[in-house]
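Below is upload13.cif, which holds mmCIF, C-alpha atoms.
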```cif
data_run
#
loop_
_atom_site.label_atom_id
_atom_site.label_comp_id
_atom_site.auth_asym_id
_atom_site.auth_seq_id
_atom_site.Cartn_x
_atom_site.Cartn_y
_atom_site.Cartn_z
CA MET C 30 4.60 10.45 -1.21
CA TYR C 31 1.73 8.47 -2.65
CA SER C 32 -1.65 7.88 -1.05
CA PHE C 33 -3.92 5.00 -2.01
CA ASP C 34 -7.51 4.13 -1.17
CA VAL C 35 -7.55 0.36 -0.73
CA SER C 36 -10.50 -2.02 -0.47
CA GLY C 37 -10.75 -5.02 1.85
CA MET C 38 -8.22 -4.25 4.58
CA SER C 39 -9.61 -4.99 8.04
CA CYS C 40 -6.84 -6.12 10.41
CA SER C 41 -3.16 -5.96 11.27
CA HIS C 42 -2.53 -9.01 9.05
CA CYS C 43 -3.87 -7.03 6.08
CA ALA C 44 -1.62 -4.09 6.93
CA ALA C 45 1.40 -6.37 7.28
CA ALA C 46 0.70 -8.07 3.95
CA VAL C 47 0.50 -4.73 2.14
CA THR C 48 3.64 -3.46 3.85
CA ARG C 49 5.61 -6.64 3.03
CA SER C 50 4.52 -6.53 -0.60
CA ILE C 51 5.66 -2.93 -1.05
CA GLN C 52 8.89 -3.40 0.88
CA SER C 53 9.76 -6.48 -1.18
CA LEU C 54 10.26 -4.03 -4.07
CA ASP C 55 11.83 -1.20 -2.03
CA HIS C 56 13.26 -2.16 1.36
CA ALA C 57 13.58 1.52 2.29
CA ALA C 58 9.91 2.33 1.60
CA GLN C 59 8.04 3.93 4.47
CA VAL C 60 4.50 2.53 4.61
CA LYS C 61 1.66 3.81 6.78
CA VAL C 62 -1.62 1.87 6.75
CA ASP C 63 -4.81 3.43 8.14
CA LEU C 64 -7.31 0.58 8.50
CA ALA C 65 -10.15 2.86 9.65
CA GLN C 66 -9.88 4.98 6.49
CA ASN C 67 -8.81 2.13 4.18
CA GLN C 68 -5.80 4.16 3.10
CA VAL C 69 -2.13 3.46 2.53
CA GLU C 70 0.53 6.18 2.39
CA VAL C 71 3.89 5.30 0.92
CA GLU C 72 7.17 7.21 0.76
CA THR C 73 9.28 5.47 -1.88
CA ARG C 74 11.40 5.90 -4.98
CA LEU C 75 9.16 3.44 -6.86
CA GLU C 76 6.71 4.61 -9.50
CA ARG C 77 3.12 4.95 -8.31
CA ALA C 78 1.94 2.19 -10.67
CA LYS C 79 4.46 -0.27 -9.18
CA VAL C 80 3.26 0.50 -5.66
CA ALA C 81 -0.38 0.08 -6.69
CA GLU C 82 0.50 -3.25 -8.33
CA ALA C 83 2.24 -4.44 -5.15
CA ILE C 84 -0.83 -3.56 -3.06
CA THR C 85 -3.13 -5.37 -5.49
CA GLU C 86 -0.84 -8.41 -5.57
CA ALA C 87 -1.10 -8.57 -1.77
CA GLY C 88 -4.84 -9.12 -2.32
CA TYR C 89 -6.22 -5.63 -1.74
CA PRO C 90 -7.57 -3.70 -4.74
CA VAL C 91 -6.57 -0.05 -5.09
CA THR C 92 -9.69 2.05 -5.70
CA ALA C 93 -7.99 5.47 -6.01
CA SER C 94 -4.53 7.00 -5.77
CA ARG C 95 -2.99 10.42 -5.27
CA GLY C 96 0.51 11.79 -5.32
#
```
As structure tokens, the full file:
Amino acid sequence: MYSFDVSGMSCSHCAAAVTRSIQSLDHAAQVKVDLAQNQVEVETRLERAKVAEAITEAGYPVTASRG
């Protein structure tokens, strides 16, 4: 599991955009977005860098990652 600190997420639309972007690369990915903490947790077979890239491409910069 990977955990990312993400800047700029503020609503359910933001969460949906991040989730769609990740799941476009791995349909089986489990994505949990915590808007209050600006964090995204992802269970996936993708490499961490690919997940971070997908989040950034959705319009939300990754500021830190773990996992």
- Message: Using only C-alpha atoms, can you tell me which of C:Leu75, C:Cys40, C:Met30, C:Ala87 comes closest to His56 in chain C?
- Response: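 Closest to His56 in chain C, using only C-alpha atoms: C:Leu75.
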- Task: Calculate how many Å separate CA of Arg74 in chain C from CA of Ile51 in chain C, rounding to one decimal.
- Result: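 For CA of Arg74 in chain C relative to CA of Ile51 in chain C, the distance reads 11.2 Å.
For the atom pair formed by CA of Glu76 in chain C and CA of Ser39 in chain C, the distance is 25.8 Å, given to one decimal.
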- Note on the structure: CA of Ala58 in chain C to CA of Tyr89 in chain C measures 18.3 Å
- Among listed residues C:Thr92, C:Ser32, C:Thr85, C:Gln52, nearest Glu70 in chain C (using all atoms listed in the file):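 Closest to Glu70 in chain C, using all atoms listed in the file: C:Ser32.
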- Task: Let me know the residues the PyMOL selection byres ((chain C and resi 91) around 9) catches in the file above, as a PyMOL selection string.
- Result: chain C and resi 33-36+81-82+84-85+89-90+92-94
Produce a file of the selected residues containing C-alpha atoms, as a CSV table (one decimal), in the frame of the given file.
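In the end it all went to again15.csv:
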```
chain,number,residue,atom,x,y,z
C,33,PHE,CA,-3.9,5.0,-2.0
C,34,ASP,CA,-7.5,4.1,-1.2
C,35,VAL,CA,-7.6,0.4,-0.7
C,36,SER,CA,-10.5,-2.0,-0.5
C,81,ALA,CA,-0.4,0.1,-6.7
C,82,GLU,CA,0.5,-3.2,-8.3
C,84,ILE,CA,-0.8,-3.6,-3.1
C,85,THR,CA,-3.1,-5.4,-5.5
C,89,TYR,CA,-6.2,-5.6,-1.7
C,90,PRO,CA,-7.6,-3.7,-4.7
C,92,THR,CA,-9.7,2.0,-5.7
C,93,ALA,CA,-8.0,5.5,-6.0
C,94,SER,CA,-4.5,7.0,-5.8
```
- Message: Running the PyMOL selection byres ((chain C and resi 47) around 9) on this model by hand, what would come out? Give it as a VMD selection string.
- Response: chain C and resid 42 to 46 48 to 52 60 62 69 83 to 89
Print the selection's residues with C-alpha atoms to a file, as a compact mmCIF listing (two decimals), in the frame of the given file.
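The resulting result.txt:
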```
# COMPACT_ATOMS: atom_id res chain seq x y z
CA HIS C 42 -2.53 -9.01 9.05
CA CYS C 43 -3.87 -7.03 6.08
CA ALA C 44 -1.62 -4.09 6.93
CA ALA C 45 1.40 -6.37 7.28
CA ALA C 46 0.70 -8.07 3.95
CA THR C 48 3.64 -3.46 3.85
CA ARG C 49 5.61 -6.64 3.03
CA SER C 50 4.52 -6.53 -0.60
CA ILE C 51 5.66 -2.93 -1.05
CA GLN C 52 8.89 -3.40 0.88
CA VAL C 60 4.50 2.53 4.61
CA VAL C 62 -1.62 1.87 6.75
CA VAL C 69 -2.13 3.46 2.53
CA ALA C 83 2.24 -4.44 -5.15
CA ILE C 84 -0.83 -3.56 -3.06
CA THR C 85 -3.13 -5.37 -5.49
CA GLU C 86 -0.84 -8.41 -5.57
CA ALA C 87 -1.10 -8.57 -1.77
CA GLY C 88 -4.84 -9.12 -2.32
CA TYR C 89 -6.22 -5.63 -1.74
```
